[in-house]
file run14.csv (CSV, C-alpha atoms)
chain,number,residue,atom,x,y,z
A,1,MET,CA,58.0,-11.9,-28.4
A,2,THR,CA,59.2,-14.2,-31.1
A,3,GLU,CA,56.8,-15.5,-33.7
A,4,GLY,CA,57.2,-19.1,-32.5
A,5,LEU,CA,55.8,-18.3,-29.1
A,6,ASP,CA,52.6,-17.0,-30.5
A,7,ILE,CA,51.4,-20.5,-31.3
A,8,PHE,CA,51.8,-21.6,-27.7
A,9,ASP,CA,49.8,-18.6,-26.4
A,10,TYR,CA,47.2,-19.2,-29.1
A,11,LEU,CA,46.8,-22.9,-28.2
A,12,ARG,CA,46.7,-22.2,-24.5
A,13,SER,CA,44.1,-19.5,-24.9
A,14,ASN,CA,41.9,-21.9,-26.9
A,15,VAL,CA,42.2,-24.7,-24.4
A,16,ARG,CA,41.4,-22.3,-21.6
A,17,GLU,CA,38.3,-21.0,-23.4
A,18,GLN,CA,37.1,-24.5,-23.8
A,19,MET,CA,37.7,-25.3,-20.1
A,20,ASN,CA,35.8,-22.1,-19.1
A,21,SER,CA,32.9,-22.9,-21.4
A,22,ILE,CA,32.5,-26.4,-19.9
A,23,ALA,CA,32.8,-25.0,-16.4
A,24,ASP,CA,30.2,-22.4,-17.1
A,25,HIS,CA,27.9,-25.2,-18.5
A,26,MET,CA,28.4,-27.2,-15.3
A,27,ASN,CA,27.9,-24.2,-13.0
A,28,GLY,CA,24.7,-23.3,-14.8
A,29,GLY,CA,23.2,-26.6,-13.8
A,30,ALA,CA,23.1,-27.8,-17.4
A,31,CYS,CA,24.3,-31.3,-16.7
A,32,LYS,CA,21.3,-33.6,-17.1
A,33,ASP,CA,22.6,-36.4,-14.9
A,34,TYR,CA,25.6,-37.7,-13.1
A,35,ALA,CA,27.0,-39.3,-16.2
A,36,ASP,CA,27.0,-36.0,-18.0
A,37,TYR,CA,28.6,-34.4,-15.0
A,38,THR,CA,31.4,-36.9,-14.9
A,39,LYS,CA,31.9,-36.6,-18.7
A,40,CYS,CA,32.3,-32.8,-18.3
A,41,CYS,CA,34.8,-33.4,-15.4
A,42,GLY,CA,36.8,-35.7,-17.6
A,43,ILE,CA,36.9,-33.2,-20.5
A,44,ILE,CA,38.1,-30.5,-18.1
A,45,GLN,CA,40.8,-32.9,-16.8
A,46,GLY,CA,42.0,-33.7,-20.3
A,47,LEU,CA,42.1,-30.0,-21.3
A,48,ALA,CA,44.0,-29.2,-18.1
A,49,GLN,CA,46.6,-31.8,-19.0
A,50,ALA,CA,46.8,-30.4,-22.6
A,51,GLU,CA,47.3,-26.9,-21.1
A,52,ARG,CA,50.1,-28.2,-18.9
A,53,GLU,CA,51.8,-29.9,-22.0
A,54,ILE,CA,51.5,-26.6,-23.9
A,55,LEU,CA,53.1,-24.7,-21.0
A,56,ASP,CA,55.9,-27.3,-20.7
A,57,ALA,CA,56.6,-27.2,-24.4
A,58,LYS,CA,56.7,-23.4,-24.3
A,59,ALA,CA,59.2,-23.5,-21.5
A,60,ARG,CA,61.4,-26.0,-23.3
A,61,TYR,CA,61.2,-23.9,-26.5
A,62,GLU,CA,62.3,-20.8,-24.5
A,63,GLN,CA,65.2,-22.6,-22.9
A,64,ALA,CA,66.4,-23.9,-26.3
A,65,GLN,CA,66.6,-20.3,-27.7
call {"tool": "encode", "arguments": {"input": "run14.csv", "output": "structure tokens"}}
result
Amino acid sequence: MTEGLDIFDYLRSNVREQMNSIADHMNGGACKDYADYTKCCGIIQGLAQAEREILDAKARYEQAQ
């Protein structure tokens, strides 16, 4: 693997860890109300979009090589 791809994997791993952390928070019943629940859902949605962008950028980078 080239050095440039490591950053993509690093970023994706961090985004995925954050998503899992929030999902665990929600699954554990830690949301205090519906507003907190919807906030967590929005954060997960944003992180999922970021993960998709990272994967797309990695694919474009690999094609350019």
call {"tool": "atom_distance", "arguments": {"input": "run14.csv", "atom1": "atom CA of Gln45 of chain A", "atom2": "atom CA of Glu62 of chain A"}}
result
25.8 Å
call {"tool": "atom_distance", "arguments": {"input": "run14.csv", "atom1": "atom CA of Asn14 of chain A", "atom2": "atom CA of Asp33 of chain A"}}
result
27.0 Å
call {"tool": "residues_around", "arguments": {"input": "run14.csv", "residues": "Cys40 of chain A", "least_positions_apart": "3", "cutoff": "9 Å", "atoms": "only C-alpha atoms", "output": "PyMOL selection string"}}
result
chain A and resi 22-23+25-26+31+35-37+43-45
call {"tool": "atom_distance", "arguments": {"input": "run14.csv", "atom1": "atom CA of Cys41 of chain A", "atom2": "atom CA of Ser21 of chain A"}}
result
12.2 Å
call {"tool": "closest_residue", "arguments": {"input": "run14.csv", "among": "A:Gly28, A:Gln63, A:Lys39, A:Leu55", "to": "Arg16 of chain A", "atoms": "all atoms listed in the file"}}
result
A:Leu55
call {"tool": "residues_around", "arguments": {"input": "run14.csv", "residues": "segment 46-51 of chain A", "least_positions_apart": "5", "cutoff": "8 Å", "atoms": "all atoms listed in the file", "output": "PyMOL selection string"}}
result
chain A and resi 12+15-16+18-19
call {"tool": "closest_residue", "arguments": {"input": "run14.csv", "among": "A:Asn27, A:Asp6, A:Ala64, A:Leu11", "to": "Arg52 of chain A", "atoms": "all atoms listed in the file"}}
result
A:Leu11
call {"tool": "build_atoms", "arguments": {"input": "run14.csv", "residues": "segment 32-43 of chain A", "atoms": "all heavy atoms", "output": "short mmCIF file (atom, residue, chain, number, x, y, z; two decimals), in the frame of the given file"}}
result
data_model
loop_
_atom_site.label_atom_id
_atom_site.label_comp_id
_atom_site.auth_asym_id
_atom_site.auth_seq_id
_atom_site.Cartn_x
_atom_site.Cartn_y
_atom_site.Cartn_z
N LYS A 32 22.63 -32.93 -17.25
CA LYS A 32 21.30 -33.60 -17.10
C LYS A 32 21.33 -34.72 -16.10
O LYS A 32 20.29 -35.08 -15.56
CB LYS A 32 20.78 -34.02 -18.44
CG LYS A 32 21.68 -34.95 -19.21
CD LYS A 32 21.12 -35.22 -20.61
CE LYS A 32 22.10 -36.04 -21.40
NZ LYS A 32 22.82 -35.32 -22.38
N ASP A 33 22.51 -35.30 -15.86
CA ASP A 33 22.60 -36.40 -14.90
C ASP A 33 24.07 -36.54 -14.46
O ASP A 33 24.94 -35.81 -14.90
CB ASP A 33 22.05 -37.70 -15.46
CG ASP A 33 22.70 -38.11 -16.79
OD1 ASP A 33 23.82 -37.65 -17.10
OD2 ASP A 33 22.07 -38.90 -17.52
N TYR A 34 24.28 -37.51 -13.59
CA TYR A 34 25.60 -37.70 -13.10
C TYR A 34 26.61 -38.13 -14.15
O TYR A 34 27.78 -37.71 -14.15
CB TYR A 34 25.61 -38.75 -11.93
CG TYR A 34 26.95 -38.92 -11.26
CD1 TYR A 34 27.48 -37.92 -10.45
CD2 TYR A 34 27.70 -40.08 -11.45
CE1 TYR A 34 28.71 -38.07 -9.84
CE2 TYR A 34 28.93 -40.24 -10.84
CZ TYR A 34 29.44 -39.23 -10.04
OH TYR A 34 30.66 -39.37 -9.45
N ALA A 35 26.15 -38.91 -15.11
CA ALA A 35 27.00 -39.30 -16.20
C ALA A 35 27.48 -38.13 -17.03
O ALA A 35 28.65 -38.04 -17.42
CB ALA A 35 26.29 -40.33 -17.10
N ASP A 36 26.60 -37.19 -17.28
CA ASP A 36 27.00 -36.00 -18.00
C ASP A 36 27.95 -35.15 -17.20
O ASP A 36 28.92 -34.60 -17.74
CB ASP A 36 25.70 -35.17 -18.32
CG ASP A 36 25.93 -34.04 -19.30
OD1 ASP A 36 26.83 -34.15 -20.15
OD2 ASP A 36 25.18 -33.04 -19.24
N TYR A 37 27.71 -35.08 -15.90
CA TYR A 37 28.60 -34.40 -15.00
C TYR A 37 30.02 -34.95 -15.03
O TYR A 37 31.01 -34.23 -15.18
CB TYR A 37 28.06 -34.35 -13.58
CG TYR A 37 29.01 -33.81 -12.55
CD1 TYR A 37 29.17 -32.44 -12.38
CD2 TYR A 37 29.76 -34.67 -11.75
CE1 TYR A 37 30.05 -31.93 -11.44
CE2 TYR A 37 30.64 -34.17 -10.80
CZ TYR A 37 30.79 -32.80 -10.66
OH TYR A 37 31.68 -32.31 -9.73
N THR A 38 30.12 -36.28 -14.91
CA THR A 38 31.40 -36.90 -14.90
C THR A 38 32.12 -36.78 -16.27
O THR A 38 33.34 -36.65 -16.34
CB THR A 38 31.36 -38.39 -14.48
OG1 THR A 38 30.49 -39.10 -15.35
CG2 THR A 38 30.89 -38.53 -13.04
N LYS A 39 31.33 -36.78 -17.34
CA LYS A 39 31.90 -36.60 -18.70
C LYS A 39 32.53 -35.18 -18.76
O LYS A 39 33.66 -35.03 -19.24
CB LYS A 39 30.80 -36.72 -19.73
CG LYS A 39 31.27 -36.43 -21.14
CD LYS A 39 30.12 -36.50 -22.13
CE LYS A 39 30.56 -36.00 -23.49
NZ LYS A 39 29.43 -35.93 -24.42
N CYS A 40 31.81 -34.18 -18.29
CA CYS A 40 32.30 -32.80 -18.30
C CYS A 40 33.60 -32.71 -17.44
O CYS A 40 34.56 -32.04 -17.83
CB CYS A 40 31.28 -31.83 -17.81
SG CYS A 40 29.92 -31.58 -18.97
N CYS A 41 33.59 -33.36 -16.29
CA CYS A 41 34.80 -33.40 -15.40
C CYS A 41 35.97 -33.98 -16.16
O CYS A 41 37.10 -33.47 -16.09
CB CYS A 41 34.52 -34.12 -14.14
SG CYS A 41 33.42 -33.27 -13.00
N GLY A 42 35.74 -35.06 -16.88
CA GLY A 42 36.80 -35.70 -17.60
C GLY A 42 37.33 -34.84 -18.75
O GLY A 42 38.54 -34.80 -19.00
N ILE A 43 36.44 -34.13 -19.41
CA ILE A 43 36.90 -33.20 -20.50
C ILE A 43 37.75 -32.12 -19.90
O ILE A 43 38.82 -31.80 -20.44
CB ILE A 43 35.67 -32.64 -21.23
CG1 ILE A 43 34.95 -33.74 -22.02
CG2 ILE A 43 36.09 -31.51 -22.16
CD1 ILE A 43 33.61 -33.32 -22.59
#
